[in-house]
Amino acid sequence: MKIRLSPPRPLARALGRLYGLLHRTLRVEGILPDGSRVTPATYPFGPEIFAFCERDALALGGILGRARFTTLIAPGRDGDWATEVVRTLGGRVVRGATRRGGASALAQLLRDLPGDDGPLALVVDGPLGPSGVARGGAVVCAARTGRPLRPVGAAARRAPVLKRSWSRIWLPLPFSRVVVVVGEPLPVPAGVGRTEWERLAGELTARLAAARSRALEEVAGA
């Protein structure tokens, strides 16, 4: 029987503070659907659902605390570390994932959100992939809450990839320029059935890929 040890909280919090310092050195620029450009400080964060892939999590994580995001984080040791880091940064966390505890996690999110007009962040391809392929959790959450569902993709020129991770997650180096492309909201009707949410999950996957391609083009041309 495997025993999963949780990370020491002081160490995890120190890691969160170190990551926060790194993220403050980054030059983060958002590109909106109309082509206008914003910074995290000037984007009008509200009750939206921001859907992104795990590979972009280290580029976007510093924004979560600044804007007081609620974030869904998968169970497991890696999730334990991520939870402490996000909380250290100032974000809110609900634990759960699509393949394990997903229904209860979504229920917890839906219980918490009615009194919260802040943004929600969902990693749509975790915790096991395939990388870049959205599952239906974000679609169901949008259908149940009526919140806009926005695909997000990010890129940076100076960004080593952690090649042993299933998602090929990458870390922007200090003082890098990070481009975050925010797509048009994906229309999700209330009461969506399984066949329709599977189709919408496929559409979300395509939009995430398009957002990432746009971000890569932007940093390549810088």
# chains A, B, ... in the order shown; residues from 1 in each chain; ligands from 1
>>> select_by_dssp(residues="segment 49-176 of chain A", states="strand (DSSP E or B)", output="ChimeraX atom specification")
/A:49-52,70-73,92-95,120-123,149-156,161,170
>>> write_last_selection(atoms="C-alpha atoms", output="PDB file, in the first residue's frame")
ATOM      1  CA  ILE A  49     -14.751  30.828 -16.185  1.00  0.00           C
ATOM      2  CA  PHE A  50     -11.229  30.829 -17.604  1.00  0.00           C
ATOM      3  CA  ALA A  51     -10.378  27.465 -19.172  1.00  0.00           C
ATOM      4  CA  PHE A  52      -6.740  26.602 -19.815  1.00  0.00           C
ATOM      5  CA  THR A  70     -11.273  30.243  -7.295  1.00  0.00           C
ATOM      6  CA  THR A  71      -9.287  27.298  -8.661  1.00  0.00           C
ATOM      7  CA  LEU A  72     -10.092  23.604  -8.989  1.00  0.00           C
ATOM      8  CA  ILE A  73      -7.013  21.488  -8.163  1.00  0.00           C
ATOM      9  CA  ARG A  92      -9.105  30.098  -3.306  1.00  0.00           C
ATOM     10  CA  VAL A  93      -9.005  26.336  -3.875  1.00  0.00           C
ATOM     11  CA  VAL A  94     -11.576  23.562  -4.325  1.00  0.00           C
ATOM     12  CA  ARG A  95     -10.082  20.068  -4.557  1.00  0.00           C
ATOM     13  CA  LEU A 120     -12.981  30.849 -11.759  1.00  0.00           C
ATOM     14  CA  ALA A 121      -9.945  29.021 -13.212  1.00  0.00           C
ATOM     15  CA  LEU A 122     -10.273  25.472 -14.549  1.00  0.00           C
ATOM     16  CA  VAL A 123      -7.491  23.263 -15.910  1.00  0.00           C
ATOM     17  CA  LEU A 149     -16.542  30.224 -20.618  1.00  0.00           C
ATOM     18  CA  ARG A 150     -13.358  31.735 -22.026  1.00  0.00           C
ATOM     19  CA  PRO A 151     -10.500  29.698 -23.554  1.00  0.00           C
ATOM     20  CA  VAL A 152      -7.012  30.924 -22.638  1.00  0.00           C
ATOM     21  CA  GLY A 153      -3.628  30.118 -24.154  1.00  0.00           C
ATOM     22  CA  ALA A 154      -0.192  31.419 -23.184  1.00  0.00           C
ATOM     23  CA  ALA A 155       3.357  31.426 -24.505  1.00  0.00           C
ATOM     24  CA  ALA A 156       6.769  32.923 -23.801  1.00  0.00           C
ATOM     25  CA  VAL A 161       9.603  22.707 -20.827  1.00  0.00           C
ATOM     26  CA  TRP A 170       6.608  25.058 -19.041  1.00  0.00           C
TER      27      TRP A 170
END
>>> residues_around(residues="Arg194 of chain A", least_positions_apart="3", cutoff="12 Å", atoms="only C-alpha atoms", output="VMD selection string")
chain A and resid 135 to 137 139 to 140 143 191 197 to 201
>>> write_last_selection(atoms="N, CA and C atoms", output="short mmCIF file (atom, residue, chain, number, x, y, z; two decimals), in the first residue's frame")
data_model
loop_
_atom_site.label_atom_id
_atom_site.label_comp_id
_atom_site.auth_asym_id
_atom_site.auth_seq_id
_atom_site.Cartn_x
_atom_site.Cartn_y
_atom_site.Cartn_z
N ARG A 135 -11.94 18.21 -21.23
CA ARG A 135 -13.03 17.35 -20.82
C ARG A 135 -14.28 18.21 -20.64
N GLY A 136 -15.34 17.59 -20.18
CA GLY A 136 -16.61 18.30 -20.15
C GLY A 136 -16.90 19.09 -18.89
N GLY A 137 -16.02 19.02 -17.87
CA GLY A 137 -16.31 19.68 -16.60
C GLY A 137 -16.54 21.17 -16.73
N VAL A 139 -17.53 22.81 -19.36
CA VAL A 139 -18.78 23.03 -20.08
C VAL A 139 -19.98 22.89 -19.15
N VAL A 140 -19.97 21.83 -18.33
CA VAL A 140 -21.06 21.61 -17.39
C VAL A 140 -21.14 22.75 -16.38
N ALA A 143 -22.72 25.69 -18.03
CA ALA A 143 -24.15 25.47 -18.22
C ALA A 143 -24.92 25.66 -16.92
N GLY A 191 -28.89 23.48 -19.24
CA GLY A 191 -29.52 22.18 -19.44
C GLY A 191 -28.91 21.36 -20.55
N TRP A 197 -22.63 18.42 -24.58
CA TRP A 197 -21.45 18.88 -23.87
C TRP A 197 -20.19 18.22 -24.40
N GLU A 198 -20.30 17.02 -24.93
CA GLU A 198 -19.13 16.40 -25.56
C GLU A 198 -18.73 17.19 -26.82
N ARG A 199 -19.73 17.63 -27.58
CA ARG A 199 -19.43 18.44 -28.76
C ARG A 199 -18.80 19.77 -28.35
N LEU A 200 -19.34 20.38 -27.30
CA LEU A 200 -18.81 21.66 -26.84
C LEU A 200 -17.40 21.51 -26.27
N ALA A 201 -17.15 20.37 -25.62
CA ALA A 201 -15.79 20.12 -25.13
C ALA A 201 -14.81 20.04 -26.30
#
>>> residues_around(residues="Arg157 of chain A", least_positions_apart="5", cutoff="12 Å", atoms="only C-alpha atoms", output="list in words")
Leu26, Arg27, Ala59, Trp170, Leu171, Pro172, Leu173, Pro174, Phe175, Ser176, Arg177, Val178, Val179, Ala215, Leu216, Glu217, Glu218, Val219, Ala220, Gly221 and Ala222 of chain A
>>> atom_distance(atom1="atom CA of Val85 of chain A", atom2="atom CA of Pro130 of chain A")
24.4 Å
>>> residues_around(residues="segment 81-84 of chain A", least_positions_apart="4", cutoff="10 Å", atoms="only C-alpha atoms", output="ChimeraX atom specification")
/A:6-16,61,71-77,88-95
>>> decode(residues="segment 191-216 of chain A", atoms="N, CA, C and O atoms", output="mmCIF file, in the first residue's frame")
data_model
loop_
_atom_site.group_PDB
_atom_site.id
_atom_site.type_symbol
_atom_site.label_atom_id
_atom_site.label_comp_id
_atom_site.auth_asym_id
_atom_site.auth_seq_id
_atom_site.Cartn_x
_atom_site.Cartn_y
_atom_site.Cartn_z
ATOM 1 N N GLY A 191 -28.887 23.478 -19.238
ATOM 2 C CA GLY A 191 -29.515 22.178 -19.437
ATOM 3 C C GLY A 191 -28.909 21.363 -20.551
ATOM 4 O O GLY A 191 -29.579 20.506 -21.144
ATOM 5 N N VAL A 192 -27.627 21.590 -20.863
ATOM 6 C CA VAL A 192 -26.981 20.872 -21.954
ATOM 7 C C VAL A 192 -26.886 19.378 -21.620
ATOM 8 O O VAL A 192 -26.571 18.987 -20.503
ATOM 9 N N GLY A 193 -27.189 18.531 -22.599
ATOM 10 C CA GLY A 193 -27.107 17.084 -22.422
ATOM 11 C C GLY A 193 -25.726 16.552 -22.752
ATOM 12 O O GLY A 193 -24.857 17.273 -23.241
ATOM 13 N N ARG A 194 -25.537 15.246 -22.515
ATOM 14 C CA ARG A 194 -24.214 14.650 -22.674
ATOM 15 C C ARG A 194 -23.673 14.794 -24.092
ATOM 16 O O ARG A 194 -22.515 15.163 -24.292
ATOM 17 N N THR A 195 -24.504 14.499 -25.086
ATOM 18 C CA THR A 195 -24.019 14.584 -26.469
ATOM 19 C C THR A 195 -23.565 15.998 -26.800
ATOM 20 O O THR A 195 -22.517 16.207 -27.418
ATOM 21 N N GLU A 196 -24.333 16.971 -26.336
ATOM 22 C CA GLU A 196 -23.997 18.359 -26.633
ATOM 23 C C GLU A 196 -22.762 18.817 -25.862
ATOM 24 O O GLU A 196 -21.916 19.522 -26.408
ATOM 25 N N TRP A 197 -22.635 18.418 -24.577
ATOM 26 C CA TRP A 197 -21.451 18.882 -23.866
ATOM 27 C C TRP A 197 -20.189 18.223 -24.396
ATOM 28 O O TRP A 197 -19.105 18.816 -24.354
ATOM 29 N N GLU A 198 -20.296 17.017 -24.931
ATOM 30 C CA GLU A 198 -19.128 16.404 -25.559
ATOM 31 C C GLU A 198 -18.728 17.189 -26.819
ATOM 32 O O GLU A 198 -17.540 17.387 -27.082
ATOM 33 N N ARG A 199 -19.731 17.631 -27.577
ATOM 34 C CA ARG A 199 -19.431 18.444 -28.760
ATOM 35 C C ARG A 199 -18.798 19.772 -28.349
ATOM 36 O O ARG A 199 -17.812 20.230 -28.959
ATOM 37 N N LEU A 200 -19.343 20.382 -27.303
ATOM 38 C CA LEU A 200 -18.810 21.660 -26.845
ATOM 39 C C LEU A 200 -17.402 21.508 -26.265
ATOM 40 O O LEU A 200 -16.571 22.405 -26.411
ATOM 41 N N ALA A 201 -17.145 20.374 -25.619
ATOM 42 C CA ALA A 201 -15.788 20.123 -25.127
ATOM 43 C C ALA A 201 -14.812 20.042 -26.297
ATOM 44 O O ALA A 201 -13.672 20.523 -26.214
ATOM 45 N N GLY A 202 -15.242 19.427 -27.411
ATOM 46 C CA GLY A 202 -14.405 19.385 -28.607
ATOM 47 C C GLY A 202 -14.166 20.777 -29.170
ATOM 48 O O GLY A 202 -13.051 21.102 -29.614
ATOM 49 N N GLU A 203 -15.207 21.621 -29.146
ATOM 50 C CA GLU A 203 -15.055 23.000 -29.612
ATOM 51 C C GLU A 203 -14.113 23.778 -28.703
ATOM 52 O O GLU A 203 -13.281 24.564 -29.174
ATOM 53 N N LEU A 204 -14.221 23.545 -27.398
ATOM 54 C CA LEU A 204 -13.320 24.207 -26.453
ATOM 55 C C LEU A 204 -11.870 23.781 -26.711
ATOM 56 O O LEU A 204 -10.953 24.617 -26.675
ATOM 57 N N THR A 205 -11.651 22.508 -26.991
ATOM 58 C CA THR A 205 -10.308 22.021 -27.319
ATOM 59 C C THR A 205 -9.734 22.773 -28.516
ATOM 60 O O THR A 205 -8.565 23.199 -28.513
ATOM 61 N N ALA A 206 -10.560 22.951 -29.556
ATOM 62 C CA ALA A 206 -10.103 23.663 -30.750
ATOM 63 C C ALA A 206 -9.788 25.123 -30.430
ATOM 64 O O ALA A 206 -8.791 25.683 -30.925
ATOM 65 N N ARG A 207 -10.603 25.738 -29.608
ATOM 66 C CA ARG A 207 -10.377 27.148 -29.279
ATOM 67 C C ARG A 207 -9.137 27.329 -28.400
ATOM 68 O O ARG A 207 -8.426 28.330 -28.507
ATOM 69 N N LEU A 208 -8.881 26.374 -27.517
ATOM 70 C CA LEU A 208 -7.664 26.429 -26.713
ATOM 71 C C LEU A 208 -6.424 26.327 -27.601
ATOM 72 O O LEU A 208 -5.436 27.041 -27.395
ATOM 73 N N ALA A 209 -6.478 25.428 -28.586
ATOM 74 C CA ALA A 209 -5.359 25.281 -29.512
ATOM 75 C C ALA A 209 -5.145 26.563 -30.314
ATOM 76 O O ALA A 209 -4.003 26.980 -30.543
ATOM 77 N N ALA A 210 -6.229 27.199 -30.728
ATOM 78 C CA ALA A 210 -6.119 28.443 -31.489
ATOM 79 C C ALA A 210 -5.531 29.567 -30.638
ATOM 80 O O ALA A 210 -4.706 30.357 -31.116
ATOM 81 N N ALA A 211 -5.938 29.623 -29.367
ATOM 82 C CA ALA A 211 -5.403 30.657 -28.473
ATOM 83 C C ALA A 211 -3.909 30.456 -28.252
ATOM 84 O O ALA A 211 -3.126 31.414 -28.264
ATOM 85 N N ARG A 212 -3.507 29.206 -28.067
ATOM 86 C CA ARG A 212 -2.078 28.931 -27.869
ATOM 87 C C ARG A 212 -1.289 29.253 -29.135
ATOM 88 O O ARG A 212 -0.194 29.833 -29.062
ATOM 89 N N SER A 213 -1.816 28.900 -30.293
ATOM 90 C CA SER A 213 -1.118 29.202 -31.548
ATOM 91 C C SER A 213 -0.938 30.710 -31.725
ATOM 92 O O SER A 213 0.127 31.176 -32.155
ATOM 93 N N ARG A 214 -1.973 31.465 -31.383
ATOM 94 C CA ARG A 214 -1.893 32.928 -31.483
ATOM 95 C C ARG A 214 -0.828 33.474 -30.538
ATOM 96 O O ARG A 214 -0.054 34.378 -30.906
ATOM 97 N N ALA A 215 -0.757 32.923 -29.318
ATOM 98 C CA ALA A 215 0.248 33.372 -28.363
ATOM 99 C C ALA A 215 1.657 33.039 -28.854
ATOM 100 O O ALA A 215 2.584 33.851 -28.732
ATOM 101 N N LEU A 216 1.835 31.827 -29.413
ATOM 102 C CA LEU A 216 3.150 31.431 -29.932
ATOM 103 C C LEU A 216 3.576 32.321 -31.094
ATOM 104 O O LEU A 216 4.752 32.709 -31.198
#
